[in-house]
Amino acid sequence: MSLHPDRLFPADERTRAIARELHGRTAGLPLVSPHGHVDPRLIAEDRPFPDPARLFVVPDHYLTRMLYSQGVTPDELGVPSVDGTPSEVDGRVIWRRFAEHYRLFRGTPSKLWLDYTFQEVFGIYKELGPDTADEYYDHLSARLAEPAFRPRALFDRFNLEVLATTESPVDSLESHAALAEVQDANGRRWGGPGGKVVTTFRPDNLIEPDWPGWKERVEELGRLTGEDTSTFDGFLAALRKRRQDFIAAGATCSDHGNATAQTADDPAEAAAIFHRALKGEASEADARAFPAHMLVEFARMSVDDGLVMQLHPGSVRNHNEWLHEGWGRDVGGDIPRATEYTRALKPLLDAFGNHPRLRIVLYTLDETVFSREIAPLAGGYSAVFAGAPWWFLDSPEGMRRFREAVHETAGFYNTAGFVDDTRAFCSIPARHDLARRVDAAFLARLVAEHRMTENEAAEIAVDLAYTLPRKIYGMEK
Amino acid sequence: MSLHPDRLFPADERTRAIARELHGRTAGLPLVSPHGHVDPRLIAEDRPFPDPARLFVVPDHYLTRMLYSQGVTPDELGVPSVDGTPSEVDGRVIWRRFAEHYRLFRGTPSKLWLDYTFQEVFGIYKELGPDTADEYYDHLSARLAEPAFRPRALFDRFNLEVLATTESPVDSLESHAALAEVQDANGRRWGGPGGKVVTTFRPDNLIEPDWPGWKERVEELGRLTGEDTSTFDGFLAALRKRRQDFIAAGATCSDHGNATAQTADDPAEAAAIFHRALKGEASEADARAFPAHMLVEFARMSVDDGLVMQLHPGSVRNHNEWLHEGWGRDVGGDIPRATEYTRALKPLLDAFGNHPRLRIVLYTLDETVFSREIAPLAGGYSAVFAGAPWWFLDSPEGMRRFREAVHETAGFYNTAGFVDDTRAFCSIPARHDLARRVDAAFLARLVAEHRMTENEAAEIAVDLAYTLPRKIYGMEK
Amino acid sequence: MSLHPDRLFPADERTRAIARELHGRTAGLPLVSPHGHVDPRLIAEDRPFPDPARLFVVPDHYLTRMLYSQGVTPDELGVPSVDGTPSEVDGRVIWRRFAEHYRLFRGTPSKLWLDYTFQEVFGIYKELGPDTADEYYDHLSARLAEPAFRPRALFDRFNLEVLATTESPVDSLESHAALAEVQDANGRRWGGPGGKVVTTFRPDNLIEPDWPGWKERVEELGRLTGEDTSTFDGFLAALRKRRQDFIAAGATCSDHGNATAQTADDPAEAAAIFHRALKGEASEADARAFPAHMLVEFARMSVDDGLVMQLHPGSVRNHNEWLHEGWGRDVGGDIPRATEYTRALKPLLDAFGNHPRLRIVLYTLDETVFSREIAPLAGGYSAVFAGAPWWFLDSPEGMRRFREAVHETAGFYNTAGFVDDTRAFCSIPARHDLARRVDAAFLARLVAEHRMTENEAAEIAVDLAYTLPRKIYGMEK
C-alpha cells in the first residue's frame, strides 16, 4: 500500500490533470475545523495517546459498527459495557481482531482515512492485515510514545488553524479555560476567542425532556448561572448567560442534533410544556414539541449574540437496542430516516429566515433533500446555508452527490464548506485531504465540460476548503 | 469568456466525439416550445424590449432569489413592492449590482443560459463582472434599440417553430386574437391553431377556492361564457366552452400546477364542495380536495376535446413569507417538498389511464420519484408520459439524473421531450441548446458503453429534441 | 447487431482496461441463482419450449407493460383474459407486433438481455425489427425444436450451479420431488437438498387475509400438515412443518413480498387477528397488521430452522385496474411507492437483529433508502444484508447507483451478491452477464481512482458474483 498522488481524481486524463492543478491550490492551506467532537481535554492535558487499539478502534463507531455487522461483539472489541461485564482489555488482541477484518472496509471512507493516517501521520507504508497486525501495533505504539506525537505537536503538524469542540451548556468548560491560559511558540493562544481550540454550544441534553437526567441538568444550569431555571423565562435567561460563557471560551456556533427539523414559534406553549416537563407530566407530544420551540428560541438568541446555528436532524438514535442496552448511548447504533425541512423549518424561517444577523447551517442524513429542499432553501433565504455531507454521507460518493445536487440551485456560495465532524483527532488531516480532493475532482469535471473556467474553479476550490468555513462559521477574526 | 463548442460534453475523448456527432443532428432543428410562460403581448405588440436590467434581472426569479440568498434585497433589485415602497429605478444601478454578484452563479444553469444569450444573441464575448458591467449595459441597450432585436425578429432568428404561452380561463386571449390576424413573411399565421404562438389552458386560479378572488373569477367565467357558474354543472360547462375558445386560439394542452398530485373522482362530492366554497364555507380539507376532483374533471374533458394534460405539483408556493408580504406572489419564494404520485393519481388512472384519447405529462420537483413512480407509471399506462426535468431540475445534472433514472424503465418514447418552461424569451435558444447538448452527452455514454448503437442514439436525439414534443403535446399538425 | 466484448464498461480507456481484467475473473464462474421464479415443472418435465412469442413475449411483464404503455393491448399480445375473451393466438402475429415495437426498448435492460439471449443462446446476429421478425421467428422456432434447447440441456450449458424456484406453502412440491429422483450426467441430483433445482418458502398468499381464497388456503395448509389451522398455534405449527418439507426439497430461504416492511412482535394480537380473519371479520387495519406480525413469526422460525429471510416490500400490486380486471394478477400493472425500513423493521430487529442464526436480505424498489436506511441497517446489524437492486432497479444504472450508495457505509460484505429474480429461464445468463459487467465497471472506477487496489477489486468481483450469494443464501454446502 502507498497513497497514490492522484487518488480520488477522475480517471480521464484531461479531467485528472485539471483536478491535480485545482488540488494544488488547496493542498497546503491551513485546516479549519469549525464543527467536530474532539475532547478538549486531549489538547488541554497534552498527554500521550493511549495504545493503538484504544486510539483507533474502540471509540470509532464507523469501525466498531462494521465489525458488529459481521458478528464481532463489542466485548471482543473492548467497548466498555453498561453493567461492567468484562470486555477485552488487551489492546494487541483488539488490534489483531480489527486487522483480521480490515478487508470489510474496502471501498469505505474509513479505510481511506486510516490508510492516510497510517502513512502520512505515522509513516507506515504496508497494508494492514492479519500478517502485519503486530508490526503495526509495535510501530504505532513506539510512535505514540514520542513527544512529536502528543496532541499539541500533532495539532501544529496538521496545520490546524482552529478546532471547535462541542460542549453541553452544563459543561464546566474547564479545559477551554485552561487552554486560554496557554500560548503556542508563536504567541497564539491555545484557547479563548480567536484561539486555536474553541467550544461550541450544544444544548441537546437540555431541550429533550425525556433524556434521562433532564431535570437535574436544568437545575444544574440554574446553579451555574444563578438564574431560576424553575421558570421558562429563567431557563431562557440561563441559556443566554451560558452562551456568553461559551462565547468567552471562543464559541462562534451552536450545534443542534434534534431528532427532526421541526420548528415552532409559540413561547407561551413552550413555557407550558417546560413546566409540565419539570413536573414529570410531559406527554410524548410535549417531548417532541419542546425541541421544535427551542430551535426558534435559539434563533432568537442568535440574532442577538451572533452564534451561528447548525442543525443536523434525522437520526434515530440508539436504534440497535441490543447495543444500547449492553453498551450504552452513541456506540454506533443510530440509523437515519426520512427527514423533512420545507414545512418543518417554516416557523423559524418566517421569523428569522431573512434576518441579516442569523446564519443557520443545515445538514442531513437524507440525501433526497439535497436538490428538493436544502438547495432551494439555501438559495432562497439569506439565513440558510447548506452544510457539508454528514456522517454516512461524509464520503467520496456522498460528497460528489451533494455537489451535483446542490450547486445548480444554490451555487457554491450558499454552501458552508467542509467540516470534519470527527472525534478522531488523528484522522483530521485525512478527512480534509479527502474532501479537498473530491471537491477538486468535482470542479475539474465542470471545467473539463466547459461549464466553468479553470480560474473560476480554482477560486471556488480555495473558498470551499478555507474561505467559506472561516466566514460562514464566524471564524475569520 | 467564449462558449466552447464542446461545452457540456463528457471529457472522455471517445465519448465526446460521439456526443459531438449526435449533437450535430439536433443543433439545427427548429425549436418547439409547447410549455412556457412568455407574455403573448410581447409578440403581439412587438415593441422593443426594456432596458437590460428589466429584461434580464428584475423578472427572473432564478436570478433574484440567488441574490436574496446573499442578502441583496428585492428593493435593491428594482422588484416592485406590494405597498408601493419605492425600489431601485435606475436600470444601470440594478445591472451593476447584478454584475457585482455574478460570481454567485458559477456552475448554475442560469449562468450557462445567460452567457449563451449574451454571446449568441447579443454578440458580447467578455465575461460579465463589476469591471464590464457598464460596457455590457451600453452594448445591450444599443442592441435592444435595433429592429433586429424586436420580439418577432428574434422569434424567427431563434428558429422557433411554435411557442405556447399560458393563460387563465378568464383571460381575454386578446393578444392571441391579434396574433391570429397577422402573418409572417412566409405567409404563416402568428397566432391561432397551427400558428407560431399558441395558448395553453391553465385553470389553477379557478380551482383553488382559497386563492384570493376565486369567487369573482368564477363569476367572470360565467360572464365570459354565458353559463350559470353558480352551479357546478354550469361551472363545468363554462370551462368546457372556454377550452373551445382556447383551442380556437391554438391551444393543444392544459397545464395544472396543483399543490399535490392528488386526484379524486366523485362529481357529487366535487359539486358539494363547489357550492360550499361559493358560500365562503369551504373548509381547509375542501380547499385541498377540490383541485383533486377537478383534475379528473379535466381528464374527462380532455378525453372529449383532446387537450393534453400537464401536471406539475410539489411546490410550496410563496414559502418565503417576507418576500410574499413585501413583493407579492411568484417572486422566487417557492420551495419544493416530497410529492407522491403512485397513490395520488390512482383515481384518475382508474378512470382514464388506459384511454387512447388521454395524454397526461407528469413533471416533478422531487427527483426521488423519477425511478420509483414516474418511470413505472409512464412505462405502465398508455396515457402517461414523463415530462422534462422542471424548474430546479432543469439543469445539466438534473437532466442527466432524469435520463439515468427514467430510461431503463420507461424507455425514451414514454418521455415527452424537452420544454423550456420559461418566461425569459431571450433565453429560449440557450435552454434548448443546453438540453440538446445534455441529451447528446447522455446518449453518447450509452453508445460508448455499447449499450446502444450510434444510429439508434442519433434517431433518439432527434426524437427527444423535435419529434416527441411535437407529437406528445399535439403540435404535429 | 453484435455484442461488443467491452459492453457496459466505462469509455475511459484506463478504466475500461481494468474493468476488462476484473470481468475476466468472473466471466467463467458458475451461475448461482438463489432467488428466482422459474416454474420448476419446466426442468422437471424437460419438454421443448413453446413458440418464440409464448417463450419470450407473452409471459414477460417487462415487455408487455412497455407495449401497453404505447397502446398495444394485452389481447393483441396474446395475454389470456380473465373472462376468456379471445386474444391473439398466432405466435407469429404476436412476434411481429413485438418486433415492430422493439425500438421502444432502446436503452432498457430488457433489450440488453434479449440481444444477449438471441446471440449467445440462439446464435442470431441480426438486429430484431420489422424486417427481421419472420427470419427471427423461423430461426428461433427451429432451435427450440432441437434437443440441445430443452430446459435441462440449457441449464447445463448456462453453467448454472443451482437454481431456486419459489413456491407457496400449499404447493405440492411435486416437481421438486420428481427432480430429487433424477441425476445429471455427473451424478449430481437435479432436486432436493444440495441439488441443482431447489425451492423457496414464499408464504405471501397465506399471510394476507384479504387475498381471495385465503381461508381456503389456510384449511388446505391444515390438510397438508395434519395440523389444526383453525387456531393460530396450529397455523404456526403447520407453517413450521411445511418449512421442514421445503427444506427437504432443498430450500435454504424464505421469500416475503409484503406490501410494506412493517413488522410487529405481539403473538397474542396476531392470534386475535387470525381468528377474526377466519371469521371474515378482519378490518382493513387487521389485514395490514397481520403480515407485520407474521414477519416476526417467520424470523422466529428462521432462528430455529435456518431459512434465510428475503424481504422485498414497496410494490402497489395490480395498480393498473384495467389490466387487473381484464387480464388478472401480476401482468405488469404494479407500481412502486415510498417504503420505510428504519422504523418498520425495529420490532423484528429488536427481537432478532443481532442473532447469529438469523439472516435477512432487504430488497427495495425505493432507491432513496439505499444510503439512508438499507446501508446503515446492513452495516449496523449482524442479521441484515442488502439485497441486489430489484425489478425496476435491476439495470445498469440501478446497479451502479446501488453500489455507489451502499458500499461506503455497508462495504461489500454486507451485500448479498447478485440474484437474477427471473421467471424467464432463457434470460438467466444474460442477467448474470450484465450484473458481472456492471460490478466490474464499478470496481474498475474505484481502482482507477486509487480508492482500492486491483487485487482487492478482483477478490471483491469474485465474491459478489459467486462467493457471497452462495454464502449469504446458504448454498455453500
# chains A, B, ... in the order shown; residues from 1 in each chain; ligands from 1
>>> interface_residues(of="chain C", to="chain A", cutoff="7 Å", atoms="only C-alpha atoms", output="list in words")
Asp12, Arg14, Thr15, Thr342, Asp350, Thr368, Arg372, Glu373, Pro376, Leu377, Ala378, Gly379, Gly380, Tyr381, Ser382, Glu404, His407, Glu408, Thr409, Gly411, Tyr413, Ala448, Glu449, His450, Arg451 and Met452 of chain C
>>> write_last_selection(atoms="N, CA and C atoms", output="PDB file, in the first residue's frame")
ATOM      1  N   ASP C  12     -13.713   5.485 -20.711  1.00  0.00           N
ATOM      2  CA  ASP C  12     -12.325   5.872 -20.440  1.00  0.00           C
ATOM      3  C   ASP C  12     -11.391   4.665 -20.557  1.00  0.00           C
ATOM      4  N   ARG C  14      -8.381   3.855 -19.589  1.00  0.00           N
ATOM      5  CA  ARG C  14      -7.706   3.347 -18.401  1.00  0.00           C
ATOM      6  C   ARG C  14      -8.671   2.505 -17.554  1.00  0.00           C
ATOM      7  N   THR C  15      -9.838   3.034 -17.341  1.00  0.00           N
ATOM      8  CA  THR C  15     -10.818   2.329 -16.507  1.00  0.00           C
ATOM      9  C   THR C  15     -11.331   1.090 -17.239  1.00  0.00           C
ATOM     10  N   THR C 342     -36.474   1.906   8.466  1.00  0.00           N
ATOM     11  CA  THR C 342     -35.818   2.177   9.755  1.00  0.00           C
ATOM     12  C   THR C 342     -36.761   1.931  10.931  1.00  0.00           C
ATOM     13  N   ASP C 350     -35.270  -5.532  17.015  1.00  0.00           N
ATOM     14  CA  ASP C 350     -35.167  -5.587  18.484  1.00  0.00           C
ATOM     15  C   ASP C 350     -35.145  -7.042  18.958  1.00  0.00           C
ATOM     16  N   THR C 368     -34.229   5.621  -2.655  1.00  0.00           N
ATOM     17  CA  THR C 368     -33.843   6.635  -1.669  1.00  0.00           C
ATOM     18  C   THR C 368     -33.363   5.983  -0.372  1.00  0.00           C
ATOM     19  N   ARG C 372     -29.776   5.835   2.896  1.00  0.00           N
ATOM     20  CA  ARG C 372     -30.368   6.365   4.121  1.00  0.00           C
ATOM     21  C   ARG C 372     -30.738   5.268   5.104  1.00  0.00           C
ATOM     22  N   GLU C 373     -31.160   4.108   4.614  1.00  0.00           N
ATOM     23  CA  GLU C 373     -31.677   3.099   5.539  1.00  0.00           C
ATOM     24  C   GLU C 373     -31.025   1.728   5.333  1.00  0.00           C
ATOM     25  N   PRO C 376     -27.092   1.687   6.210  1.00  0.00           N
ATOM     26  CA  PRO C 376     -26.844   1.751   7.656  1.00  0.00           C
ATOM     27  C   PRO C 376     -27.364   0.524   8.415  1.00  0.00           C
ATOM     28  N   LEU C 377     -28.506  -0.032   7.998  1.00  0.00           N
ATOM     29  CA  LEU C 377     -29.022  -1.238   8.672  1.00  0.00           C
ATOM     30  C   LEU C 377     -28.100  -2.430   8.408  1.00  0.00           C
ATOM     31  N   ALA C 378     -27.702  -2.601   7.151  1.00  0.00           N
ATOM     32  CA  ALA C 378     -26.831  -3.731   6.815  1.00  0.00           C
ATOM     33  C   ALA C 378     -25.467  -3.575   7.481  1.00  0.00           C
ATOM     34  N   GLY C 379     -25.031  -2.320   7.630  1.00  0.00           N
ATOM     35  CA  GLY C 379     -23.737  -2.064   8.256  1.00  0.00           C
ATOM     36  C   GLY C 379     -23.826  -1.900   9.758  1.00  0.00           C
ATOM     37  N   GLY C 380     -25.006  -2.166  10.342  1.00  0.00           N
ATOM     38  CA  GLY C 380     -25.176  -1.952  11.769  1.00  0.00           C
ATOM     39  C   GLY C 380     -25.795  -3.120  12.513  1.00  0.00           C
ATOM     40  N   TYR C 381     -26.296  -4.100  11.802  1.00  0.00           N
ATOM     41  CA  TYR C 381     -26.902  -5.299  12.412  1.00  0.00           C
ATOM     42  C   TYR C 381     -26.271  -6.536  11.778  1.00  0.00           C
ATOM     43  N   SER C 382     -25.932  -7.500  12.602  1.00  0.00           N
ATOM     44  CA  SER C 382     -25.292  -8.693  12.035  1.00  0.00           C
ATOM     45  C   SER C 382     -26.270  -9.510  11.197  1.00  0.00           C
ATOM     46  N   GLU C 404     -22.871   2.605  -5.600  1.00  0.00           N
ATOM     47  CA  GLU C 404     -22.364   3.920  -5.181  1.00  0.00           C
ATOM     48  C   GLU C 404     -22.935   4.342  -3.835  1.00  0.00           C
ATOM     49  N   HIS C 407     -21.923   1.005  -0.749  1.00  0.00           N
ATOM     50  CA  HIS C 407     -20.640   0.425  -0.328  1.00  0.00           C
ATOM     51  C   HIS C 407     -19.890   1.288   0.687  1.00  0.00           C
ATOM     52  N   GLU C 408     -20.111   2.586   0.693  1.00  0.00           N
ATOM     53  CA  GLU C 408     -19.316   3.425   1.596  1.00  0.00           C
ATOM     54  C   GLU C 408     -19.726   3.253   3.052  1.00  0.00           C
ATOM     55  N   THR C 409     -20.970   2.834   3.273  1.00  0.00           N
ATOM     56  CA  THR C 409     -21.443   2.616   4.646  1.00  0.00           C
ATOM     57  C   THR C 409     -21.446   1.133   5.019  1.00  0.00           C
ATOM     58  N   GLY C 411     -19.982  -1.353   3.126  1.00  0.00           N
ATOM     59  CA  GLY C 411     -18.946  -2.144   2.471  1.00  0.00           C
ATOM     60  C   GLY C 411     -19.551  -3.077   1.445  1.00  0.00           C
ATOM     61  N   TYR C 413     -19.271  -6.542   1.914  1.00  0.00           N
ATOM     62  CA  TYR C 413     -19.537  -7.836   2.524  1.00  0.00           C
ATOM     63  C   TYR C 413     -20.828  -7.886   3.320  1.00  0.00           C
ATOM     64  N   ALA C 448      -9.280   2.741 -10.638  1.00  0.00           N
ATOM     65  CA  ALA C 448      -8.694   3.810 -11.455  1.00  0.00           C
ATOM     66  C   ALA C 448      -8.531   5.088 -10.635  1.00  0.00           C
ATOM     67  N   GLU C 449      -9.404   5.288  -9.674  1.00  0.00           N
ATOM     68  CA  GLU C 449      -9.306   6.471  -8.813  1.00  0.00           C
ATOM     69  C   GLU C 449      -8.465   6.192  -7.559  1.00  0.00           C
ATOM     70  N   HIS C 450      -7.779   5.059  -7.564  1.00  0.00           N
ATOM     71  CA  HIS C 450      -6.863   4.712  -6.476  1.00  0.00           C
ATOM     72  C   HIS C 450      -7.559   4.676  -5.133  1.00  0.00           C
ATOM     73  N   ARG C 451      -8.794   4.185  -5.164  1.00  0.00           N
ATOM     74  CA  ARG C 451      -9.531   4.025  -3.908  1.00  0.00           C
ATOM     75  C   ARG C 451      -9.474   2.588  -3.430  1.00  0.00           C
ATOM     76  N   MET C 452      -9.013   1.707  -4.294  1.00  0.00           N
ATOM     77  CA  MET C 452      -8.716   0.343  -3.862  1.00  0.00           C
ATOM     78  C   MET C 452      -7.727  -0.232  -4.869  1.00  0.00           C
TER      79      MET C 452
END
>>> residues_around(residues="Leu22 of chain C", least_positions_apart="2", cutoff="6 Å", atoms="only C-alpha atoms", output="mmCIF file with C-alpha atoms, in the first residue's frame")
data_model
loop_
_atom_site.group_PDB
_atom_site.id
_atom_site.type_symbol
_atom_site.label_atom_id
_atom_site.label_comp_id
_atom_site.auth_asym_id
_atom_site.auth_seq_id
_atom_site.Cartn_x
_atom_site.Cartn_y
_atom_site.Cartn_z
ATOM 1 C CA ALA C 19 -12.915 -3.469 -15.982
ATOM 2 C CA ARG C 20 -11.968 -5.948 -18.711
ATOM 3 C CA GLY C 24 -12.180 -11.782 -16.816
ATOM 4 C CA ARG C 25 -12.079 -13.116 -13.258
ATOM 5 C CA ALA C 440 -16.612 -4.904 -12.863
ATOM 6 C CA ALA C 458 -10.554 -8.756 -8.185
#
>>> residues_around(residues="segment 134-145 of chain C", least_positions_apart="4", cutoff="10 Å", atoms="only C-alpha atoms", output="PyMOL selection string")
chain C and resi 47-53+55+91-93+95-96+99+118+121-130+149-151
>>> select_by_dssp(residues="segment 45-231 of chain B", states="strand (DSSP E)", output="count of residues only")
7
>>> atom_distance(atom1="atom CA of Glu216 of chain C", atom2="atom CA of Lys279 of chain C")
12.1 Å
>>> residues_around(residues="Pro209 of chain C", least_positions_apart="2", cutoff="9 Å", atoms="only C-alpha atoms", output="MDAnalysis selection string")
chainID C and resid 205:207 211:215 274 277:278 280 282 286:288 290:291
>>> write_last_selection(atoms="N, CA and C atoms", output="PDB file, in the first residue's frame")
ATOM      1  N   ASN C 205     -49.357 -15.690   0.129  1.00  0.00           N
ATOM      2  CA  ASN C 205     -50.799 -15.891  -0.031  1.00  0.00           C
ATOM      3  C   ASN C 205     -51.445 -16.545   1.198  1.00  0.00           C
ATOM      4  N   LEU C 206     -50.629 -16.827   2.211  1.00  0.00           N
ATOM      5  CA  LEU C 206     -51.183 -17.326   3.472  1.00  0.00           C
ATOM      6  C   LEU C 206     -51.164 -16.276   4.579  1.00  0.00           C
ATOM      7  N   ILE C 207     -50.545 -15.153   4.310  1.00  0.00           N
ATOM      8  CA  ILE C 207     -50.450 -14.164   5.399  1.00  0.00           C
ATOM      9  C   ILE C 207     -51.165 -12.870   5.056  1.00  0.00           C
ATOM     10  N   TRP C 211     -56.455 -11.532   0.616  1.00  0.00           N
ATOM     11  CA  TRP C 211     -56.144 -12.128  -0.679  1.00  0.00           C
ATOM     12  C   TRP C 211     -57.211 -13.191  -0.948  1.00  0.00           C
ATOM     13  N   PRO C 212     -57.954 -13.059  -2.041  1.00  0.00           N
ATOM     14  CA  PRO C 212     -59.049 -14.008  -2.304  1.00  0.00           C
ATOM     15  C   PRO C 212     -58.600 -15.467  -2.126  1.00  0.00           C
ATOM     16  N   GLY C 213     -59.427 -16.215  -1.402  1.00  0.00           N
ATOM     17  CA  GLY C 213     -59.119 -17.635  -1.184  1.00  0.00           C
ATOM     18  C   GLY C 213     -58.241 -17.896   0.018  1.00  0.00           C
ATOM     19  N   TRP C 214     -58.000 -16.870   0.825  1.00  0.00           N
ATOM     20  CA  TRP C 214     -57.079 -17.039   1.957  1.00  0.00           C
ATOM     21  C   TRP C 214     -57.539 -18.135   2.902  1.00  0.00           C
ATOM     22  N   LYS C 215     -58.818 -18.065   3.283  1.00  0.00           N
ATOM     23  CA  LYS C 215     -59.324 -19.028   4.263  1.00  0.00           C
ATOM     24  C   LYS C 215     -59.198 -20.468   3.739  1.00  0.00           C
ATOM     25  N   PHE C 274     -55.848 -13.279  13.515  1.00  0.00           N
ATOM     26  CA  PHE C 274     -56.015 -14.519  12.765  1.00  0.00           C
ATOM     27  C   PHE C 274     -57.425 -15.070  12.930  1.00  0.00           C
ATOM     28  N   ALA C 277     -59.952 -12.919  11.223  1.00  0.00           N
ATOM     29  CA  ALA C 277     -59.871 -13.097   9.770  1.00  0.00           C
ATOM     30  C   ALA C 277     -60.554 -14.385   9.336  1.00  0.00           C
ATOM     31  N   LEU C 278     -60.370 -15.446  10.118  1.00  0.00           N
ATOM     32  CA  LEU C 278     -61.025 -16.717   9.767  1.00  0.00           C
ATOM     33  C   LEU C 278     -62.543 -16.575   9.792  1.00  0.00           C
ATOM     34  N   GLY C 280     -64.006 -13.973   8.934  1.00  0.00           N
ATOM     35  CA  GLY C 280     -64.376 -12.946   7.954  1.00  0.00           C
ATOM     36  C   GLY C 280     -64.605 -11.582   8.575  1.00  0.00           C
ATOM     37  N   ALA C 282     -62.059  -9.541   9.796  1.00  0.00           N
ATOM     38  CA  ALA C 282     -60.835  -8.732   9.891  1.00  0.00           C
ATOM     39  C   ALA C 282     -61.084  -7.359   9.286  1.00  0.00           C
ATOM     40  N   ASP C 286     -56.478  -4.735  10.411  1.00  0.00           N
ATOM     41  CA  ASP C 286     -56.082  -6.119  10.689  1.00  0.00           C
ATOM     42  C   ASP C 286     -55.313  -6.705   9.511  1.00  0.00           C
ATOM     43  N   ALA C 287     -55.876  -6.477   8.319  1.00  0.00           N
ATOM     44  CA  ALA C 287     -55.271  -7.061   7.123  1.00  0.00           C
ATOM     45  C   ALA C 287     -53.880  -6.503   6.893  1.00  0.00           C
ATOM     46  N   ARG C 288     -53.673  -5.241   7.284  1.00  0.00           N
ATOM     47  CA  ARG C 288     -52.335  -4.663   7.156  1.00  0.00           C
ATOM     48  C   ARG C 288     -51.402  -5.147   8.262  1.00  0.00           C
ATOM     49  N   PHE C 290     -51.509  -8.046  10.050  1.00  0.00           N
ATOM     50  CA  PHE C 290     -51.176  -9.470  10.162  1.00  0.00           C
ATOM     51  C   PHE C 290     -49.836  -9.812   9.492  1.00  0.00           C
ATOM     52  N   PRO C 291     -49.586  -9.341   8.273  1.00  0.00           N
ATOM     53  CA  PRO C 291     -48.281  -9.640   7.676  1.00  0.00           C
ATOM     54  C   PRO C 291     -47.113  -9.094   8.493  1.00  0.00           C
TER      55      PRO C 291
END
>>> select_by_dssp(residues="segment 72-147 of chain A", states="alpha helix (DSSP H)", output="PyMOL selection string")
chain A and resi 91-100+109-116+133-144
>>> residues_around(residues="segment 307-311 of chain B", least_positions_apart="3", cutoff="7 Å", atoms="only C-alpha atoms", output="JSON, numbers by chain")
{"B": [252, 253, 254, 255, 256, 257, 302, 358, 359, 360, 361, 362, 363, 473]}
>>> residues_around(residues="Leu179 of chain C", least_positions_apart="2", cutoff="6 Å", atoms="only C-alpha atoms", output="CSV table (one decimal) with N, CA and C atoms, in the first residue's frame")
chain,number,residue,atom,x,y,z
C,44,ALA,N,-38.4,-30.1,-14.5
C,44,ALA,CA,-38.9,-31.5,-14.1
C,44,ALA,C,-39.4,-32.2,-15.3
C,176,HIS,N,-40.5,-30.7,-7.5
C,176,HIS,CA,-39.2,-30.8,-6.8
C,176,HIS,C,-39.0,-32.3,-6.4
C,177,ALA,N,-40.1,-32.9,-6.0
C,177,ALA,CA,-40.0,-34.3,-5.6
C,177,ALA,C,-39.5,-35.2,-6.8
C,181,GLU,N,-35.4,-37.2,-7.7
C,181,GLU,CA,-35.2,-38.6,-8.2
C,181,GLU,C,-34.3,-38.7,-9.3
C,182,VAL,N,-33.9,-37.6,-9.9
C,182,VAL,CA,-33.1,-37.7,-11.2
C,182,VAL,C,-31.7,-37.2,-10.9
C,190,TRP,N,-30.8,-33.6,-9.5
C,190,TRP,CA,-31.4,-32.4,-10.1
C,190,TRP,C,-32.2,-31.6,-9.0
C,191,GLY,N,-32.7,-32.4,-8.0
C,191,GLY,CA,-33.5,-31.7,-6.9
C,191,GLY,C,-33.1,-32.2,-5.6
>>> residues_around(residues="Asp233 of chain A", least_positions_apart="6", cutoff="12 Å", atoms="only C-alpha atoms", output="list in words")
Gly222, Glu227, Leu239, Arg240, Pro267, Ala268, Ala270, Ala271, Ala272, Phe274, His275 and Glu297 of chain A
